[in-house]
Amino acid sequence: MYIKSVLAASTAMMLAGPVMAEPTAEVLHWWTSGGEAKSVAVLQEQFKAEGGTWTDMPVAGGGGDAAMTALRARVLSGNAPTAVQLKGPAIQEWYEETSLADISAVAEENNWAEVLPAQIAEHMKCEGKWCAAPVNVHRVNWLWGNKQILDDNGIEMPTTWDEFNAAAEKLQAAGITPLAHGGQNWQDATIFETVVLGLGGPEFFQKALVDLDPEALQSDTMKQVFDEMRIIRGYVDDNFSGRDWNLATAMVMNGEAAFQIMGDWAKGEFLAAGKEPGTDFVCAQTPGEGFLYNVNSFAFFELDGEDKQQGQALLAKLIMGPEFQKTFNLNKGSIPARTDVALDDFDSCAVESNKAMNAGAEDGSLLPSYAHGMALRGAPAGAITDVVTAHFNSDMSSDDAVQQLVDAVANAM
């Protein structure tokens with residue numbers, strides 16, 4: 001009887017055809033704060049709705065350093081995750097170091113090349129083949145303000161660094177902390193690169209922080225940048241050291257500080273807390289012109305197993321789907337990487353950001369953020385940040401900072 005049952009079951013399975021593997025994905029990311037966690041949950045829900053099994057692997061730390069340490073340990077042990085949050089040149093570095101899966105079939109079937117800005121699309125390719133999928137585009141050079149504080153003190157959002165300094169002085173005189181900041185090196189670097197862009201302009205930014213041109217690094221303009229950084233250092237509170245970025249955002253939200261210089265993931269925190277742009281907070285690009293972008297994306301390691309490969313294909317398709325790009329970015333505070341997503345439901349800050357991105361793509365002012373891993377490979381970027389943080393946390397002169405910057409970049413090349 002037992003043998004007959006087994007044979008009957010086997011016959012039924014053969015008649016039904018081959019059993020299809022269920023898409024599975026273990027996803028390593030560093031989206032752990034309020035707005036971020038809400039955003040990644042959207043992708044998780046869509047993946048499950050398509051019949052997939054999602055294993056979440058969040059690693060806390062806003063800059064992603066801890067996540068990269070965890071990733072390296074996983075890869076070295078021969079246990080790479082199905083998908084990992086990666087961005088910028090790190091995608092190509094991992095491709096060269098190990099191997100990333102080719103997802104060109106998904107990209108071509110869904111016409112990615114036609115709906116992404118060329119600058120963004122280039123980051124997603126490894127030797128001409130698609131190996132990553134962009135989730136969003138963050139604008140880094142944003143200035144956020146507590147509307148009540150600014151209104152009470154008669155302050156408009158500044159359009160020059162001199163105006164910012166004047167506003168900060170006025171706030172300090174009123175006993176208000178002008179700038180919410182967290183003393184972490186990537187946050188220092190975020191302020192630094194917005195000042196480089198604001199004082200030097202897009203062409204100077206390209207030469208200094210993308211091309212690493214020695215003349216630009218050692219210029220009078222760079223000295224002016226460090227002069228402004230010294231001034232800005234005087235506008236943060238005494239307890240800034242080690243503060244996470246989202247806690248700095250909360251300071252603005254709660255009226256403990258007037259401004260924050262941070263990418264538009266900060267807006268995700270405002271929105272997650274029920275705050276409304278134009279009513280509770282205001283946004284403006286940091287003084288100057290140009291658009292610094294930070295693109296979150298997922299890369300896929302070459303893995304055996306049909307379930308994992310199907311999981312990668314499904315995840316890539318969902319990430320670039322118009323509906324997910326809309327829903328995700330409404331939660332995250334960023335804008336869709338796709339240029340064909342309607343922005344009717346997006347707030348005024350997002351609409352302004354999208355307009356600036358499209359203009360930057362045309363006139364060359366759409367630039368990769370060095371501070372957020374989009375412009376440079378690890379060694380030169382780390383060398384710059386070390387100098388920036390050392391200057392910000394000491395009485396180092398601007399002349400010395402410039403010389404240390406030049407030397408550090410040269411040694412890292």
# chains A, B, ... in the order shown; residues from 1 in each chain; ligands from 1

$ residues_around --residues "A:Val75" --least-positions-apart "5" --cutoff "10 Å" --atoms "only C-alpha atoms" --output "ChimeraX atom specification"
/A:70,80-81,98,301

$ write_last_selection --atoms "N, CA, C and O atoms" --output "tab-separated table (two decimals), in the first residue's frame"
chain	number	residue	atom	x	y	z
A	70	ALA	N	29.56	44.03	7.58
A	70	ALA	CA	28.79	42.78	7.65
A	70	ALA	C	28.80	42.06	6.31
A	70	ALA	O	28.93	40.83	6.24
A	80	ALA	N	27.26	34.89	0.60
A	80	ALA	CA	26.81	36.21	0.16
A	80	ALA	C	25.28	36.27	0.19
A	80	ALA	O	24.60	35.29	-0.12
A	81	PRO	N	24.71	37.44	0.57
A	81	PRO	CA	23.26	37.59	0.52
A	81	PRO	C	22.76	37.64	-0.92
A	81	PRO	O	23.54	37.84	-1.85
A	98	THR	N	34.66	40.18	-6.53
A	98	THR	CA	34.02	38.85	-6.52
A	98	THR	C	33.27	38.68	-7.83
A	98	THR	O	33.87	38.52	-8.87
A	301	PHE	N	24.55	39.41	-6.12
A	301	PHE	CA	25.71	38.53	-6.26
A	301	PHE	C	25.35	37.31	-7.09
A	301	PHE	O	24.20	36.85	-7.10

$ residues_around --residues "A:Trp30" --least-positions-apart "4" --cutoff "9 Å" --atoms "only C-alpha atoms" --output "list in words"
Glu36, Ala37, Met57, Pro58, Val59, Ala60, Gly61, Gly62, Gly63, Gly64, Asp65, Ala66, Ala67 and Gln85 of chain A

$ select_by_dssp --residues "stretch 325-406 of chain A" --states "helix (DSSP H, G or I)" --output "VMD selection string"
chain A and resid 325 to 332 348 to 363 378 to 392 398 to 406

$ closest_residue --among "A:Trp54, A:Phe281, A:Phe300, A:Phe192" --to "A:Trp144" --atoms "only C-alpha atoms"
A:Phe281

$ residues_around --residues "A:Asp399" --least-positions-apart "6" --cutoff "10 Å" --atoms "only C-alpha atoms" --output "JSON, numbers by chain"
{"A": [218, 220, 222, 223, 224, 226, 227, 405]}

$ write_last_selection --atoms "N, CA and C atoms" --output "short mmCIF file (atom, residue, chain, number, x, y, z; two decimals), in the first residue's frame"
data_model
loop_
_atom_site.label_atom_id
_atom_site.label_comp_id
_atom_site.auth_asym_id
_atom_site.auth_seq_id
_atom_site.Cartn_x
_atom_site.Cartn_y
_atom_site.Cartn_z
N GLN A 218 44.21 72.58 -4.08
CA GLN A 218 45.12 73.50 -3.40
C GLN A 218 44.79 74.97 -3.68
N ASP A 220 42.72 78.74 -3.75
CA ASP A 220 42.18 79.70 -2.79
C ASP A 220 40.71 79.40 -2.49
N MET A 222 39.36 76.46 -2.22
CA MET A 222 39.32 75.41 -1.21
C MET A 222 39.65 75.98 0.17
N LYS A 223 40.54 76.93 0.22
CA LYS A 223 40.83 77.58 1.50
C LYS A 223 39.58 78.29 2.03
N GLN A 224 38.84 78.94 1.14
CA GLN A 224 37.60 79.60 1.53
C GLN A 224 36.58 78.59 2.06
N PHE A 226 37.29 75.80 3.70
CA PHE A 226 37.66 75.47 5.08
C PHE A 226 37.42 76.64 6.03
N ASP A 227 37.55 77.87 5.52
CA ASP A 227 37.20 79.04 6.33
C ASP A 227 35.72 78.97 6.74
N LEU A 405 44.91 68.10 2.79
CA LEU A 405 44.00 67.55 1.80
C LEU A 405 44.75 67.11 0.56
#

$ select_by_dssp --residues "stretch 103-314 of chain A" --states "strand (DSSP E)" --output "compact mmCIF listing (two decimals) with N, CA, C and O atoms, in the first residue's frame"
# COMPACT_ATOMS: atom_id res chain seq x y z
N LYS A 125 25.85 49.72 -14.06
CA LYS A 125 26.41 48.78 -15.02
C LYS A 125 27.82 48.34 -14.62
O LYS A 125 28.59 49.11 -14.06
N CYS A 126 28.12 47.11 -14.94
CA CYS A 126 29.45 46.53 -14.73
C CYS A 126 29.94 46.03 -16.08
O CYS A 126 29.37 45.09 -16.64
N LYS A 129 27.20 45.77 -18.62
CA LYS A 129 26.04 44.93 -18.30
C LYS A 129 25.38 45.43 -17.03
O LYS A 129 26.05 45.85 -16.09
N TRP A 130 24.07 45.38 -16.99
CA TRP A 130 23.33 45.82 -15.82
C TRP A 130 23.59 44.85 -14.67
O TRP A 130 23.43 43.64 -14.81
N ALA A 132 22.93 46.19 -11.20
CA ALA A 132 22.27 46.79 -10.04
C ALA A 132 21.03 47.53 -10.50
O ALA A 132 20.90 47.89 -11.68
N ALA A 133 20.11 47.74 -9.56
CA ALA A 133 18.86 48.43 -9.86
C ALA A 133 18.69 49.62 -8.93
O ALA A 133 18.78 49.46 -7.71
N PRO A 134 18.48 50.83 -9.46
CA PRO A 134 18.33 52.02 -8.61
C PRO A 134 16.95 52.09 -7.97
O PRO A 134 15.94 51.84 -8.63
N HIS A 138 18.34 60.60 -4.18
CA HIS A 138 18.35 61.57 -3.09
C HIS A 138 19.14 62.80 -3.53
O HIS A 138 20.21 62.67 -4.13
N ARG A 139 18.62 63.95 -3.20
CA ARG A 139 19.42 65.16 -3.34
C ARG A 139 20.12 65.40 -2.01
O ARG A 139 19.48 65.42 -0.95
N TRP A 142 20.62 69.78 0.52
CA TRP A 142 19.38 70.37 1.05
C TRP A 142 19.65 71.05 2.39
O TRP A 142 20.46 70.57 3.20
N LEU A 143 18.93 72.13 2.62
CA LEU A 143 18.92 72.81 3.91
C LEU A 143 17.49 72.75 4.44
O LEU A 143 16.54 73.18 3.77
N TRP A 144 17.33 72.19 5.64
CA TRP A 144 16.02 72.04 6.28
C TRP A 144 15.89 73.03 7.41
O TRP A 144 16.86 73.28 8.14
N GLY A 145 14.70 73.59 7.57
CA GLY A 145 14.51 74.58 8.61
C GLY A 145 13.22 74.38 9.38
O GLY A 145 12.21 73.90 8.82
N ASN A 146 13.25 74.70 10.66
CA ASN A 146 12.04 74.70 11.48
C ASN A 146 11.28 75.99 11.18
O ASN A 146 11.75 77.09 11.47
N THR A 177 20.09 77.19 18.99
CA THR A 177 21.14 76.48 18.25
C THR A 177 20.87 76.61 16.76
O THR A 177 19.83 76.14 16.28
N PRO A 178 21.78 77.22 16.00
CA PRO A 178 21.51 77.43 14.57
C PRO A 178 21.46 76.14 13.76
O PRO A 178 20.61 75.99 12.89
N LEU A 179 22.41 75.23 14.03
CA LEU A 179 22.56 74.07 13.15
C LEU A 179 22.57 72.76 13.93
O LEU A 179 23.43 72.56 14.80
N ALA A 257 16.70 73.15 17.37
CA ALA A 257 17.66 73.78 16.46
C ALA A 257 16.89 74.30 15.26
O ALA A 257 15.78 73.84 14.96
N ALA A 258 17.49 75.25 14.56
CA ALA A 258 16.78 75.90 13.45
C ALA A 258 16.99 75.19 12.11
O ALA A 258 16.04 75.02 11.34
N PHE A 259 18.23 74.79 11.81
CA PHE A 259 18.57 74.25 10.50
C PHE A 259 19.23 72.88 10.62
O PHE A 259 19.81 72.54 11.66
N GLN A 260 19.18 72.13 9.52
CA GLN A 260 20.03 70.95 9.33
C GLN A 260 20.44 70.89 7.87
O GLN A 260 19.61 71.12 6.98
N ILE A 261 21.71 70.61 7.64
CA ILE A 261 22.21 70.35 6.29
C ILE A 261 22.27 68.83 6.13
O ILE A 261 23.09 68.17 6.77
N PHE A 281 7.93 72.49 8.50
CA PHE A 281 9.33 72.63 8.11
C PHE A 281 9.41 73.20 6.71
O PHE A 281 8.44 73.16 5.95
N VAL A 282 10.58 73.75 6.39
CA VAL A 282 10.80 74.31 5.06
C VAL A 282 12.08 73.73 4.48
O VAL A 282 12.97 73.27 5.21
N CYS A 283 12.15 73.73 3.16
CA CYS A 283 13.31 73.17 2.48
C CYS A 283 13.84 74.16 1.46
O CYS A 283 13.08 74.94 0.88
N ALA A 284 15.13 74.12 1.24
CA ALA A 284 15.77 74.91 0.19
C ALA A 284 17.10 74.25 -0.12
O ALA A 284 17.70 73.60 0.75
N GLN A 285 17.56 74.38 -1.37
CA GLN A 285 18.89 73.87 -1.66
C GLN A 285 19.91 74.66 -0.84
O GLN A 285 19.69 75.84 -0.54
N PHE A 291 23.16 70.05 -8.30
CA PHE A 291 22.41 68.96 -7.69
C PHE A 291 23.39 67.83 -7.36
O PHE A 291 23.96 67.21 -8.25
N LEU A 292 23.61 67.60 -6.06
CA LEU A 292 24.44 66.47 -5.64
C LEU A 292 23.55 65.27 -5.39
O LEU A 292 22.62 65.35 -4.57
N TYR A 293 23.80 64.18 -6.08
CA TYR A 293 22.92 63.02 -5.93
C TYR A 293 23.57 61.88 -5.17
O TYR A 293 24.78 61.67 -5.20
N ASN A 294 22.72 61.19 -4.47
CA ASN A 294 23.05 59.96 -3.76
C ASN A 294 21.98 58.96 -4.16
O ASN A 294 20.81 59.14 -3.80
N SER A 297 20.69 51.82 -4.38
CA SER A 297 20.44 50.76 -5.36
C SER A 297 20.70 49.41 -4.70
O SER A 297 21.29 49.33 -3.62
N PHE A 298 20.26 48.37 -5.36
CA PHE A 298 20.54 47.02 -4.91
C PHE A 298 21.34 46.29 -5.97
O PHE A 298 20.99 46.32 -7.16
N ALA A 299 22.41 45.67 -5.56
CA ALA A 299 23.23 44.84 -6.44
C ALA A 299 23.00 43.38 -6.07
O ALA A 299 22.59 43.06 -4.95
N PHE A 300 23.30 42.51 -7.01
CA PHE A 300 22.98 41.09 -6.85
C PHE A 300 24.21 40.24 -7.09
O PHE A 300 24.84 40.35 -8.14

$ closest_atom_pairs --of "stretch 35-64 of chain A" --to "stretch 315-328 of chain A" --cutoff "8 Å" --atoms "only C-alpha atoms" --output "CSV"
residue,atom,partner,partner_atom,distance
A:Ser39,CA,A:Phe328,CA,5.3
A:Val40,CA,A:Phe328,CA,7.5
A:Val42,CA,A:Phe328,CA,6.5
A:Leu43,CA,A:Phe324,CA,7.3
A:Gln46,CA,A:Leu318,CA,7.5
A:Phe47,CA,A:Leu315,CA,6.8

$ closest_residue --among "A:Asp340, A:Leu71, A:Val115, A:Met229" --to "A:Ser394" --atoms "only C-alpha atoms"
A:Met229

$ closest_residue --among "A:Pro380, A:Pro277, A:Gly200, A:Pro89" --to "A:Phe346" --atoms "only C-alpha atoms"
A:Pro277

$ closest_residue --among "A:Gly364, A:Gly255, A:Pro336, A:Gly51" --to "A:Ile176" --atoms "only C-alpha atoms"
A:Gly255

$ residues_around --residues "stretch 245-251 of chain A" --least-positions-apart "6" --cutoff "6 Å" --atoms "only C-alpha atoms" --output "number ranges by chain"
A: 180-182, 257

$ atom_distance --atom1 "atom CA of A:Thr159" --atom2 "atom CA of A:Gly183"
24.8 Å

$ closest_residue --among "A:Thr194, A:Glu45, A:Asp213, A:Met357" --to "A:Ala410" --atoms "only C-alpha atoms"
A:Asp213

$ residues_around --residues "A:Val387" --least-positions-apart "4" --cutoff "8 Å" --atoms "only C-alpha atoms" --output "list in words"
Ala383, His391, Ala401, Gln404, Leu405 and Ala408 of chain A

$ residues_around --residues "A:Val295" --least-positions-apart "3" --cutoff "9 Å" --atoms "only C-alpha atoms" --output "PyMOL selection string"
chain A and resi 87-88+120+123+134-139+337+368+372+374
